[in-house]
file coords36.cif (mmCIF, C-alpha atoms)
data_structure
#
loop_
_atom_site.label_atom_id
_atom_site.label_comp_id
_atom_site.auth_asym_id
_atom_site.auth_seq_id
_atom_site.Cartn_x
_atom_site.Cartn_y
_atom_site.Cartn_z
CA MET A 175 22.82 17.71 -1.99
CA THR A 176 21.55 21.03 -0.67
CA PRO A 177 17.77 21.40 -0.34
CA TRP A 178 16.24 24.39 -2.11
CA ARG A 179 13.01 26.25 -1.62
CA VAL A 180 10.70 28.09 -4.01
CA SER A 181 9.68 31.38 -2.43
CA ASP A 182 9.18 33.90 -5.25
CA GLN A 183 5.44 34.70 -5.49
CA SER A 184 5.77 35.78 -9.14
CA LEU A 185 7.55 32.57 -10.09
CA GLN A 186 5.86 30.74 -12.95
CA SER A 187 8.12 27.70 -13.18
CA VAL A 188 11.47 26.38 -12.00
CA ARG A 189 13.70 23.63 -13.32
CA CYS A 190 16.22 22.03 -10.98
CA LEU A 191 17.14 18.96 -13.10
CA PRO A 192 16.16 17.86 -16.60
CA GLY A 193 12.62 16.49 -16.40
CA CYS A 194 11.97 18.01 -12.95
CA ARG A 195 9.53 20.89 -13.15
CA ILE A 196 7.48 22.68 -10.53
CA GLU A 197 4.88 25.02 -11.92
CA LYS A 198 2.97 27.68 -10.07
CA ASP A 199 -0.63 28.20 -11.16
CA HIS A 200 -3.06 30.58 -9.41
CA ASN A 201 -0.95 30.52 -6.22
CA HIS A 202 -1.06 26.70 -6.07
CA LEU A 203 1.59 24.27 -7.11
CA SER A 204 0.48 22.13 -10.01
CA TYR A 205 2.12 18.74 -10.38
CA LYS A 206 2.29 16.64 -13.50
CA ASN A 207 0.15 13.48 -13.48
CA ARG A 208 2.57 10.69 -14.34
CA ILE A 209 0.02 7.86 -14.26
CA LYS A 210 -0.48 6.50 -17.78
CA GLU A 211 -3.05 3.82 -17.01
CA LEU A 212 -4.45 1.29 -14.60
CA LYS A 213 -4.20 -2.24 -15.92
CA TYR A 214 -4.39 -5.76 -14.55
CA VAL A 215 -1.27 -7.89 -14.94
CA LYS A 216 -0.44 -11.37 -13.66
CA ALA A 217 1.96 -10.84 -10.76
CA SER A 218 4.52 -13.30 -12.13
CA GLU A 219 4.83 -11.16 -15.28
CA LEU A 220 5.92 -8.08 -13.31
CA LYS A 221 9.69 -7.56 -13.05
CA GLN A 222 11.24 -7.18 -9.62
CA ASN A 223 13.26 -3.99 -9.37
CA PRO A 224 16.88 -5.04 -8.77
CA LYS A 225 17.43 -1.76 -6.90
CA ASN A 226 14.66 -2.45 -4.37
CA TRP A 227 16.28 -1.85 -0.98
CA ARG A 228 13.35 -2.98 1.17
CA ARG A 229 13.40 -6.47 2.70
CA HIS A 230 10.19 -8.13 3.78
CA PRO A 231 10.38 -10.34 6.89
CA GLU A 232 8.07 -13.31 7.36
CA THR A 233 5.92 -11.38 9.87
CA GLN A 234 5.20 -8.72 7.23
CA SER A 235 4.43 -11.36 4.61
CA LYS A 236 2.00 -13.11 6.98
CA ALA A 237 0.34 -9.82 7.90
CA LEU A 238 -0.08 -8.87 4.24
CA LYS A 239 -1.55 -12.28 3.42
CA GLY A 240 -3.91 -11.80 6.38
CA VAL A 241 -5.07 -8.39 5.16
CA LEU A 242 -5.57 -9.84 1.69
CA ASP A 243 -7.61 -12.69 3.23
CA GLU A 244 -9.72 -10.22 5.22
CA VAL A 245 -10.11 -7.44 2.63
CA GLY A 246 -8.60 -8.43 -0.74
CA TYR A 247 -6.81 -6.06 -3.08
CA ALA A 248 -7.86 -2.44 -2.59
CA ASP A 249 -4.62 -0.80 -3.74
CA ALA A 250 -2.52 -0.94 -6.89
CA VAL A 251 1.16 -1.73 -7.29
CA ILE A 252 3.23 0.82 -9.22
CA ALA A 253 5.37 -0.06 -12.23
CA ARG A 254 7.05 1.59 -15.18
CA GLU A 255 7.51 0.32 -18.70
CA THR A 256 10.99 -0.94 -19.59
CA PRO A 257 12.27 -2.85 -22.65
CA ASP A 258 12.06 -6.02 -20.49
CA GLY A 259 8.46 -5.41 -19.38
CA LEU A 260 6.75 -3.69 -16.45
CA MET A 261 9.24 -3.13 -13.62
CA LEU A 262 7.95 -2.61 -10.11
CA ILE A 263 8.56 0.57 -8.15
CA ASP A 264 6.17 -0.30 -5.33
CA GLY A 265 4.46 -3.61 -4.59
CA HIS A 266 7.27 -6.16 -4.48
CA LEU A 267 5.78 -8.09 -1.55
CA ARG A 268 2.32 -8.14 -3.11
CA LYS A 269 3.89 -9.70 -6.23
CA GLU A 270 5.60 -12.33 -4.07
CA VAL A 271 2.52 -13.38 -2.09
CA SER A 272 0.19 -13.52 -5.14
CA PRO A 273 2.32 -14.81 -8.05
CA ASP A 274 -0.61 -16.32 -9.96
CA GLN A 275 -3.08 -13.50 -9.44
CA GLU A 276 -3.76 -10.54 -11.70
CA LEU A 277 -2.83 -7.41 -9.77
CA PRO A 278 -4.03 -3.85 -10.32
CA VAL A 279 -1.02 -1.96 -11.67
CA LEU A 280 -0.63 1.80 -11.98
CA VAL A 281 1.65 2.18 -14.99
CA VAL A 282 3.63 5.40 -14.65
CA ASP A 283 5.57 7.42 -17.21
CA LEU A 284 8.84 7.83 -15.32
CA THR A 285 12.46 7.83 -16.33
CA GLU A 286 14.79 5.41 -14.57
CA ASN A 287 16.06 8.24 -12.35
CA GLU A 288 12.53 9.33 -11.42
CA ALA A 289 11.64 5.72 -10.63
CA ASP A 290 14.75 5.53 -8.43
CA ILE A 291 13.61 8.66 -6.57
CA MET A 292 10.23 7.03 -5.91
CA LEU A 293 11.83 3.72 -4.93
CA THR A 294 14.07 5.53 -2.46
CA THR A 295 11.43 7.80 -0.92
CA PHE A 296 7.98 6.15 -1.26
CA ASP A 297 7.98 4.11 1.98
CA PRO A 298 10.05 6.60 4.03
CA LEU A 299 7.60 9.39 3.17
CA SER A 300 4.78 7.34 4.70
CA ALA A 301 6.94 6.63 7.73
CA LEU A 302 7.28 10.39 8.37
CA ALA A 303 3.61 10.63 9.35
CA THR A 304 2.94 11.02 13.05
CA THR A 305 0.23 9.32 15.10
CA ASP A 306 -2.94 10.76 16.58
CA SER A 307 -3.23 8.20 19.37
CA GLU A 308 -6.83 9.05 20.23
CA LYS A 309 -8.00 8.52 16.66
CA LEU A 310 -5.97 5.33 16.33
CA GLU A 311 -7.41 3.96 19.57
CA SER A 312 -10.94 4.87 18.45
CA LEU A 313 -10.33 3.19 15.09
CA MET A 314 -8.96 0.06 16.74
CA GLN A 315 -11.91 -0.25 19.15
CA ASP A 316 -14.28 -1.11 16.31
CA LEU A 317 -12.00 -3.47 14.37
CA LYS A 318 -13.21 -7.00 13.76
CA CYS A 319 -10.51 -9.24 12.40
CA GLY A 320 -10.20 -13.00 12.47
CA ASN A 321 -6.68 -13.31 11.06
CA SER A 322 -4.06 -13.95 13.76
CA ALA A 323 -1.17 -12.32 11.83
CA VAL A 324 -3.19 -9.12 11.35
CA GLN A 325 -4.30 -9.23 15.00
CA GLU A 326 -0.67 -9.52 16.08
CA MET A 327 0.40 -6.61 13.85
CA ILE A 328 -2.40 -4.40 15.20
CA SER A 329 -1.64 -5.40 18.80
CA ASP A 330 2.04 -4.56 18.25
CA LEU A 331 1.04 -1.19 16.81
CA ALA A 332 -1.22 -0.52 19.80
CA GLU A 333 1.59 -1.38 22.22
CA GLN A 334 4.08 0.74 20.26
CA GLU A 335 1.69 3.71 20.41
CA GLY A 336 0.89 3.24 24.10
CA ILE A 337 -2.66 2.02 23.55
CA ILE A 338 -3.62 -0.67 26.05
CA ALA A 339 -6.48 -3.15 26.51
CA LEU A 340 -7.40 -3.97 22.97
CA ASN A 341 -9.71 -6.94 23.30
CA THR A 342 -11.72 -6.17 20.20
CA PHE A 343 -10.67 -9.14 18.13
CA GLN A 344 -13.13 -11.93 17.76
CA GLU A 345 -12.05 -15.51 17.41
CA PRO A 346 -13.71 -17.28 14.49
CA GLN A 347 -16.76 -19.15 15.66
CA GLU A 348 -17.41 -22.80 14.90
CA PHE A 349 -20.92 -23.78 13.88
CA ASP A 350 -22.52 -27.17 14.37
CA GLU A 351 -24.87 -26.82 11.45
CA ASP A 352 -23.96 -27.68 7.86
CA ILE A 353 -23.62 -24.69 5.57
CA PRO A 354 -24.72 -25.33 1.97
CA SER A 355 -22.22 -24.83 -0.85
CA GLY A 356 -22.12 -21.45 -2.57
CA HIS A 357 -21.39 -17.81 -1.67
CA HIS A 358 -22.46 -16.60 1.76
CA LYS A 359 -22.35 -13.43 3.82
CA CYS A 360 -21.95 -13.45 7.59
CA PRO A 361 -25.01 -11.75 9.12
CA LYS A 362 -22.93 -10.38 11.99
CA CYS A 363 -19.79 -8.92 10.38
CA GLY A 364 -20.68 -8.90 6.66
CA HIS A 365 -17.66 -11.00 5.64
CA GLU A 366 -18.31 -12.80 2.34
CA PHE A 367 -17.02 -16.33 1.80
CA ALA A 368 -17.48 -19.36 -0.38
CA VAL A 369 -18.16 -22.90 0.83
#

call {"tool": "encode", "arguments": {"input": "coords36.cif", "output": "structure tokens"}}
result
Amino acid sequence: MTPWRVSDQSLQSVRCLPGCRIEKDHNHLSYKNRIKELKYVKASELKQNPKNWRRHPETQSKALKGVLDEVGYADAVIARETPDGLMLIDGHLRKEVSPDQELPVLVVDLTENEADIMLTTFDPLSALATTDSEKLESLMQDLKCGNSAVQEMISDLAEQEGIIALNTFQEPQEFDEDIPSGHHKCPKCGHEFAV
């Protein structure tokens, strides 16, 4: 497949394939919003995409569970409607680690081919980003994380990026006093937990 480029300043729109449309509006590209809705769906009700080519090793699963323990869900999975139900495009591992939880789902209006394009390119597009080592090091200096799998992932990232001497992680502290039942917030780090 040969890549093509839009260069005509007077161009109003171009079609390369049925359903694929790039429109030019006031010298800016305008892209169609394909998100139909955000809804909450029990993870076990989402259909795995049989074309998903990504495999998730145990280290990734542990790191994701650690981030979910530390932060919770702050991102939505992506799915499209099919006759069999909502089929995932992105979020297969999140479905696996939280089968009984309701997940935020961005439901998109995509054809099967468009979903395949996203499935093929979504993660690799993120991987094309480069690293600003100074900003990453600065970000890592202030991290407070008690989950060992997340600590290991961040330490591996630091080593991979040539950042050394990251001793910013704090081991969970044990307290001698009894903590009453209910919801609490750590006065030091702000982490909320239930006892």

call {"tool": "residues_around", "arguments": {"input": "coords36.cif", "residues": "stretch 222-230 of chain A", "least_positions_apart": "6", "cutoff": "10 Å", "atoms": "all atoms listed in the file", "output": "ChimeraX atom specification"}}
result
/A:253,260-267,269-270,289-290,293-294,297

call {"tool": "write_last_selection", "arguments": {"input": "coords36.cif", "atoms": "C-alpha atoms", "output": "mmCIF file, in the coordinates of the input"}}
result
data_model
loop_
_atom_site.group_PDB
_atom_site.id
_atom_site.type_symbol
_atom_site.label_atom_id
_atom_site.label_comp_id
_atom_site.auth_asym_id
_atom_site.auth_seq_id
_atom_site.Cartn_x
_atom_site.Cartn_y
_atom_site.Cartn_z
ATOM 1 C CA ALA A 253 5.370 -0.060 -12.230
ATOM 2 C CA LEU A 260 6.750 -3.690 -16.450
ATOM 3 C CA MET A 261 9.240 -3.130 -13.620
ATOM 4 C CA LEU A 262 7.950 -2.610 -10.110
ATOM 5 C CA ILE A 263 8.560 0.570 -8.150
ATOM 6 C CA ASP A 264 6.170 -0.300 -5.330
ATOM 7 C CA GLY A 265 4.460 -3.610 -4.590
ATOM 8 C CA HIS A 266 7.270 -6.160 -4.480
ATOM 9 C CA LEU A 267 5.780 -8.090 -1.550
ATOM 10 C CA LYS A 269 3.890 -9.700 -6.230
ATOM 11 C CA GLU A 270 5.600 -12.330 -4.070
ATOM 12 C CA ALA A 289 11.640 5.720 -10.630
ATOM 13 C CA ASP A 290 14.750 5.530 -8.430
ATOM 14 C CA LEU A 293 11.830 3.720 -4.930
ATOM 15 C CA THR A 294 14.070 5.530 -2.460
ATOM 16 C CA ASP A 297 7.980 4.110 1.980
#

call {"tool": "atom_distance", "arguments": {"input": "coords36.cif", "atom1": "atom CA of A:Glu288", "atom2": "atom CA of A:Gln275"}}
result
27.7 Å

call {"tool": "atom_distance", "arguments": {"input": "coords36.cif", "atom1": "atom CA of A:Ser300", "atom2": "atom CA of A:Val215"}}
result
25.6 Å

call {"tool": "atom_distance", "arguments": {"input": "coords36.cif", "atom1": "atom CA of A:Cys319", "atom2": "atom CA of A:Lys239"}}
result
13.0 Å

call {"tool": "closest_residue", "arguments": {"input": "coords36.cif", "among": "A:Lys206, A:Ala301, A:Arg268, A:Lys309", "to": "A:Gly240", "atoms": "all atoms listed in the file"}}
result
A:Arg268

call {"tool": "closest_residue", "arguments": {"input": "coords36.cif", "among": "A:Pro354, A:Asp306, A:Ser329, A:Glu219", "to": "A:Asp274", "atoms": "all atoms listed in the file"}}
result
A:Glu219

call {"tool": "closest_residue", "arguments": {"input": "coords36.cif", "among": "A:Asn321, A:Thr233, A:Ser307, A:Ser218", "to": "A:Pro273", "atoms": "only C-alpha atoms"}}
result
A:Ser218

call {"tool": "residues_around", "arguments": {"input": "coords36.cif", "residues": "A:Gly259", "least_positions_apart": "5", "cutoff": "9 Å", "atoms": "only C-alpha atoms", "output": "list of chain:residue names"}}
result
A:Glu219, A:Leu220, A:Lys221, A:Arg254

call {"tool": "closest_residue", "arguments": {"input": "coords36.cif", "among": "A:Asp283, A:Glu335, A:Ser272, A:Lys236", "to": "A:Glu308", "atoms": "only C-alpha atoms"}}
result
A:Glu335

call {"tool": "resolve_selection", "arguments": {"input": "coords36.cif", "expression": "the PyMOL selection byres ((chain A and resi 326) around 12)", "output": "compact mmCIF listing (two decimals) with C-alpha atoms, in the coordinates of the input"}}
result
# COMPACT_ATOMS: atom_id res chain seq x y z
CA THR A 233 5.92 -11.38 9.87
CA GLN A 234 5.20 -8.72 7.23
CA LYS A 236 2.00 -13.11 6.98
CA ALA A 237 0.34 -9.82 7.90
CA LEU A 238 -0.08 -8.87 4.24
CA GLY A 240 -3.91 -11.80 6.38
CA VAL A 241 -5.07 -8.39 5.16
CA CYS A 319 -10.51 -9.24 12.40
CA GLY A 320 -10.20 -13.00 12.47
CA ASN A 321 -6.68 -13.31 11.06
CA SER A 322 -4.06 -13.95 13.76
CA ALA A 323 -1.17 -12.32 11.83
CA VAL A 324 -3.19 -9.12 11.35
CA GLN A 325 -4.30 -9.23 15.00
CA MET A 327 0.40 -6.61 13.85
CA ILE A 328 -2.40 -4.40 15.20
CA SER A 329 -1.64 -5.40 18.80
CA ASP A 330 2.04 -4.56 18.25
CA LEU A 331 1.04 -1.19 16.81
CA ALA A 332 -1.22 -0.52 19.80
CA GLU A 333 1.59 -1.38 22.22
CA LEU A 340 -7.40 -3.97 22.97
CA ASN A 341 -9.71 -6.94 23.30
CA PHE A 343 -10.67 -9.14 18.13

call {"tool": "axis_aligned_box", "arguments": {"input": "coords36.cif", "around": "stretch 267-280 of chain A", "padding_each_side": "5 Å", "output": "JSON"}}
result
{"center_x": 0.9, "center_y": -7.3, "center_z": -6.8, "size_x": 19.8, "size_y": 28.1, "size_z": 20.4}

call {"tool": "closest_residue", "arguments": {"input": "coords36.cif", "among": "A:Leu317, A:Leu277, A:Glu311, A:Pro231", "to": "A:Gly246", "atoms": "all atoms listed in the file"}}
result
A:Leu277

call {"tool": "closest_residue", "arguments": {"input": "coords36.cif", "among": "A:Val271, A:Leu203, A:Ile337, A:Ala217", "to": "A:Glu232", "atoms": "only C-alpha atoms"}}
result
A:Val271

call {"tool": "build_atoms", "arguments": {"input": "coords36.cif", "residues": "stretch 238-252 of chain A", "atoms": "N, CA and C atoms", "output": "PDB file, in the coordinates of the input"}}
result
ATOM      1  N   LEU A 238       0.485  -9.246   5.528  1.00  0.00           N
ATOM      2  CA  LEU A 238      -0.080  -8.870   4.240  1.00  0.00           C
ATOM      3  C   LEU A 238      -1.044  -9.931   3.733  1.00  0.00           C
ATOM      4  N   LYS A 239      -0.654 -11.200   3.834  1.00  0.00           N
ATOM      5  CA  LYS A 239      -1.550 -12.280   3.420  1.00  0.00           C
ATOM      6  C   LYS A 239      -2.845 -12.235   4.243  1.00  0.00           C
ATOM      7  N   GLY A 240      -2.727 -11.908   5.529  1.00  0.00           N
ATOM      8  CA  GLY A 240      -3.910 -11.800   6.380  1.00  0.00           C
ATOM      9  C   GLY A 240      -4.826 -10.677   5.949  1.00  0.00           C
ATOM     10  N   VAL A 241      -4.249  -9.517   5.626  1.00  0.00           N
ATOM     11  CA  VAL A 241      -5.070  -8.390   5.160  1.00  0.00           C
ATOM     12  C   VAL A 241      -5.726  -8.760   3.830  1.00  0.00           C
ATOM     13  N   LEU A 242      -4.981  -9.425   2.962  1.00  0.00           N
ATOM     14  CA  LEU A 242      -5.570  -9.840   1.690  1.00  0.00           C
ATOM     15  C   LEU A 242      -6.692 -10.848   1.909  1.00  0.00           C
ATOM     16  N   ASP A 243      -6.537 -11.749   2.898  1.00  0.00           N
ATOM     17  CA  ASP A 243      -7.610 -12.690   3.230  1.00  0.00           C
ATOM     18  C   ASP A 243      -8.841 -11.963   3.756  1.00  0.00           C
ATOM     19  N   GLU A 244      -8.620 -10.956   4.597  1.00  0.00           N
ATOM     20  CA  GLU A 244      -9.720 -10.220   5.220  1.00  0.00           C
ATOM     21  C   GLU A 244     -10.396  -9.245   4.259  1.00  0.00           C
ATOM     22  N   VAL A 245      -9.597  -8.552   3.442  1.00  0.00           N
ATOM     23  CA  VAL A 245     -10.110  -7.440   2.630  1.00  0.00           C
ATOM     24  C   VAL A 245      -9.998  -7.718   1.132  1.00  0.00           C
ATOM     25  N   GLY A 246      -8.877  -8.281   0.696  1.00  0.00           N
ATOM     26  CA  GLY A 246      -8.600  -8.430  -0.740  1.00  0.00           C
ATOM     27  C   GLY A 246      -7.751  -7.271  -1.216  1.00  0.00           C
ATOM     28  N   TYR A 247      -7.603  -7.157  -2.511  1.00  0.00           N
ATOM     29  CA  TYR A 247      -6.810  -6.060  -3.080  1.00  0.00           C
ATOM     30  C   TYR A 247      -7.658  -4.804  -3.162  1.00  0.00           C
ATOM     31  N   ALA A 248      -7.184  -3.735  -2.542  1.00  0.00           N
ATOM     32  CA  ALA A 248      -7.860  -2.440  -2.590  1.00  0.00           C
ATOM     33  C   ALA A 248      -6.855  -1.338  -2.888  1.00  0.00           C
ATOM     34  N   ASP A 249      -5.693  -1.729  -3.431  1.00  0.00           N
ATOM     35  CA  ASP A 249      -4.620  -0.800  -3.740  1.00  0.00           C
ATOM     36  C   ASP A 249      -3.856  -1.366  -4.926  1.00  0.00           C
ATOM     37  N   ALA A 250      -3.258  -0.502  -5.708  1.00  0.00           N
ATOM     38  CA  ALA A 250      -2.520  -0.940  -6.890  1.00  0.00           C
ATOM     39  C   ALA A 250      -1.019  -0.910  -6.624  1.00  0.00           C
ATOM     40  N   VAL A 251      -0.292  -1.821  -7.289  1.00  0.00           N
ATOM     41  CA  VAL A 251       1.160  -1.730  -7.290  1.00  0.00           C
ATOM     42  C   VAL A 251       1.527  -0.674  -8.324  1.00  0.00           C
ATOM     43  N   ILE A 252       2.778  -0.210  -8.288  1.00  0.00           N
ATOM     44  CA  ILE A 252       3.230   0.820  -9.220  1.00  0.00           C
ATOM     45  C   ILE A 252       4.385   0.259 -10.031  1.00  0.00           C
TER      46      ILE A 252
END
